[in-house]
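Below is one structure, written out as structure tokens, with a few remarks after it.
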Amino acid sequence: MELNQVKAIDELIKGRRSIKKFKPDPVSVEEIVDILEVAKWAPNHKLTEPWRFLLYAEEGKNQFVDAFLKTQAGSDGKIPEKAQKKAAYFREIPLHLVVVMPEDPRQKTWDEDYGAVCAMIQNIQLAAWARGIGMIWRTNDWIYNPVFREAIGVQPGEKIVATLMIGYGDFIPEAKERTPIADKINIIRS
């Protein structure tokens, strides 16, 4: 690999940001499928490809948002204003991608699958960022709610690893300082 390619990859990784404020511009579903085709090259033990996706676009976003709202209803059936505001925000985001993995009962396989799915999600984020598309990886408490899971078709024995909220960034945050690796590494030479 040429030095320029290495530097470009380094800058892509260091430059990626989580995006919370999106432009209303639509993002092509076909482009997301292309990104997933690239991202699937994440390492995964024995090529098990332990992932599946639910992509909510256009009017389909209502199913995602309605599932969220069902988790927010009080015992009286009313939706708090805070949840209604969040639902309105969700509706403005161009795409929602739910990343799901099977939950293997064998701990080693579960760990390998989870690691593979997380590596794939990072690939998704980087491939999208290289194309000018931003996202935020969310693991909100409501993704564990059986009401939400059932409403979007997540089966028992499956884990929602992420909800990725996707669009063109309307605000790109500044980089936050990271701890030097020298403070986090113990080198053992003998």
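Ordering of the structure tokens sets the chain letters (A, B, ...), residue numbers begin anew at 1 in every chain, and ligands are numbered from 1 in the order given.
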
task: Check chain A with DSSP on the backbone and list each residue it calls alpha helix (DSSP H), as number ranges by chain.
output: A: 3-15, 29-39, 61-72, 81-92, 107-130, 146-152

Can you check which parts of range 58-155 of chain A lie within 9 Å of range 1-24 of chain A? Per residue, the shortest pair of atoms and distance in Å to one decimal, counting only C-alpha atoms, sorted by chain and number, as CSV.
residue,atom,partner,partner_atom,distance
A:Glu92,CA,A:Pro24,CA,6.5
A:Ile93,CA,A:Phe22,CA,6.3
A:Pro94,CA,A:Pro24,CA,6.6
A:Gln125,CA,A:Arg16,CA,7.8
A:Leu126,CA,A:Ile13,CA,6.8
A:Trp129,CA,A:Arg16,CA,6.3
A:Ala130,CA,A:Leu12,CA,6.9
A:Gly134,CA,A:Ile19,CA,5.6
A:Met135,CA,A:Ile19,CA,5.1
A:Ile136,CA,A:Ser18,CA,4.8
A:Trp137,CA,A:Ser18,CA,7.5

- prompt: With distances taken over only C-alpha atoms, which of A:Asp170, A:Glu30, A:Val161, A:Trp41 is nearest to Val117 in chain A?
  reply: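 Checking each candidate against Val117 in chain A, we get A:Val161 as the closest.
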
message: Run DSSP on the backbone and tell me which residues of range 52-152 of chain A come out as strand (DSSP E or B); list them as a list in words.
response: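 Taking range 52-152 of chain A and keeping strand (DSSP E or B) only, one gets Arg52, Phe53, Leu54, Leu55, Tyr56, Ala57, Leu95, His96, Leu97, Val98, Val99, Val100, Met101, Pro102, Gly134, Met135, Ile136, Trp137 and Arg138 of chain A.
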
Output the selection as a compact mmCIF listing (two decimals), in the first residue's frame - N, CA, C and O atoms for each residue.
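Once written, out.txt looks like this:
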# COMPACT_ATOMS: atom_id res chain seq x y z
N ARG A 52 -27.86 -9.20 10.25
CA ARG A 52 -28.94 -8.90 9.33
C ARG A 52 -29.36 -7.46 9.61
O ARG A 52 -29.03 -6.90 10.67
N PHE A 53 -30.09 -6.86 8.68
CA PHE A 53 -30.36 -5.44 8.73
C PHE A 53 -31.83 -5.15 8.45
O PHE A 53 -32.46 -5.82 7.63
N LEU A 54 -32.32 -4.12 9.12
CA LEU A 54 -33.65 -3.57 8.85
C LEU A 54 -33.41 -2.11 8.52
O LEU A 54 -32.95 -1.34 9.37
N LEU A 55 -33.69 -1.71 7.27
CA LEU A 55 -33.45 -0.35 6.83
C LEU A 55 -34.79 0.36 6.67
O LEU A 55 -35.64 -0.06 5.87
N TYR A 56 -34.97 1.43 7.42
CA TYR A 56 -36.21 2.20 7.40
C TYR A 56 -35.99 3.49 6.63
O TYR A 56 -35.17 4.33 7.02
N ALA A 57 -36.71 3.63 5.53
CA ALA A 57 -36.58 4.78 4.64
C ALA A 57 -37.97 5.30 4.30
O ALA A 57 -38.97 4.56 4.37
N LEU A 95 -32.60 8.12 7.25
CA LEU A 95 -32.64 6.66 7.30
C LEU A 95 -32.34 6.16 8.71
O LEU A 95 -31.56 6.77 9.45
N HIS A 96 -32.93 5.01 9.02
CA HIS A 96 -32.62 4.29 10.25
C HIS A 96 -32.25 2.87 9.86
O HIS A 96 -33.02 2.20 9.16
N LEU A 97 -31.09 2.43 10.31
CA LEU A 97 -30.64 1.06 10.03
C LEU A 97 -30.49 0.32 11.35
O LEU A 97 -29.72 0.74 12.22
N VAL A 98 -31.24 -0.75 11.52
CA VAL A 98 -31.13 -1.58 12.71
C VAL A 98 -30.27 -2.78 12.35
O VAL A 98 -30.52 -3.47 11.37
N VAL A 99 -29.23 -3.00 13.17
CA VAL A 99 -28.29 -4.09 12.94
C VAL A 99 -28.56 -5.16 14.00
O VAL A 99 -28.55 -4.88 15.20
N VAL A 100 -28.84 -6.38 13.52
CA VAL A 100 -29.28 -7.47 14.38
C VAL A 100 -28.33 -8.65 14.22
O VAL A 100 -27.86 -8.93 13.12
N MET A 101 -28.07 -9.34 15.34
CA MET A 101 -27.24 -10.56 15.28
C MET A 101 -27.95 -11.70 16.01
O MET A 101 -28.74 -11.46 16.91
N PRO A 102 -27.65 -12.94 15.62
CA PRO A 102 -28.18 -14.08 16.37
C PRO A 102 -27.42 -14.19 17.69
O PRO A 102 -26.23 -13.88 17.76
N GLY A 134 -23.09 10.81 7.19
CA GLY A 134 -22.83 10.68 8.62
C GLY A 134 -23.86 9.81 9.29
O GLY A 134 -24.91 9.50 8.72
N MET A 135 -23.55 9.44 10.52
CA MET A 135 -24.49 8.62 11.30
C MET A 135 -24.10 8.65 12.75
O MET A 135 -23.00 9.08 13.12
N ILE A 136 -25.00 8.16 13.57
CA ILE A 136 -24.69 7.94 14.97
C ILE A 136 -25.15 6.52 15.31
O ILE A 136 -26.21 6.07 14.87
N TRP A 137 -24.32 5.84 16.07
CA TRP A 137 -24.59 4.47 16.52
C TRP A 137 -25.26 4.57 17.88
O TRP A 137 -24.66 5.03 18.84
N ARG A 138 -26.51 4.17 17.95
CA ARG A 138 -27.27 4.24 19.19
C ARG A 138 -27.58 2.86 19.74
O ARG A 138 -27.86 1.93 18.99

field: Spatial neighbours of Gly115 in chain A, max dist 10 Å, only C-alpha atoms, sep filter under 5 positions, as JSON, numbers by chain
entry: {"A": [42, 43, 44, 45, 50, 109, 110, 120, 121]}

- prompt: Which value, in Å to one decimal, gives the distance between CA of Asn123 in chain A and CA of Glu37 in chain A?
  reply: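 Between CA of Asn123 in chain A and CA of Glu37 in chain A the gap is 10.2 Å.
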
Show me a table, sorted first by chain and then by increasing residue number, of the residues of range 122-143 of chain A having an atom at most 10 Å from range 68-77 of chain A, each with its shortest atom pair and the distance in Å to one decimal, counting only C-alpha atoms and written as a Markdown table.
| residue | atom | partner | partner_atom | distance |
| --- | --- | --- | --- | --- |
| A:Asp141 | CA | A:Thr71 | CA | 9.8 |
| A:Trp142 | CA | A:Thr71 | CA | 6.4 |
| A:Ile143 | CA | A:Phe68 | CA | 8.2 |

query: Closest to Glu31 in chain A among A:Pro173, A:Gly157, A:Pro80, A:Gly167, using only C-alpha atoms?
result: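 Of all the options, A:Gly167 lies closest to Glu31 in chain A.
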
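What separates CA of Leu164 in chain A from CA of Asp66 in chain A is a distance of 16.7 Å.
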
Shell around range 149-154 of chain A at 8 Å using only C-alpha atoms, local window under 4 positions removed, as a ChimeraX atom specification: /A:63-64,67,100,143-145,158-160

- prompt: Looking at only C-alpha atoms, which of A:Arg91, A:Lys46, A:Lys85, A:Lys40 is the one that sits closest to Ile166 in chain A?
  reply: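 Checking each of A:Arg91, A:Lys46, A:Lys85, A:Lys40 against Ile166 in chain A, counting only C-alpha atoms, the winner is A:Arg91.
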
field: Interatomic distance (Å, one decimal) between CA of Ala39 in chain A and CA of Ala127 in chain A
entry: 7.2 Å

- prompt: Between A:Ile124, A:Ile181, A:Gln107, A:Ala87, which is the closest to Val33 in chain A once you count only C-alpha atoms?
  reply: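 So, comparing all the options, the nearest one is A:Ile124.
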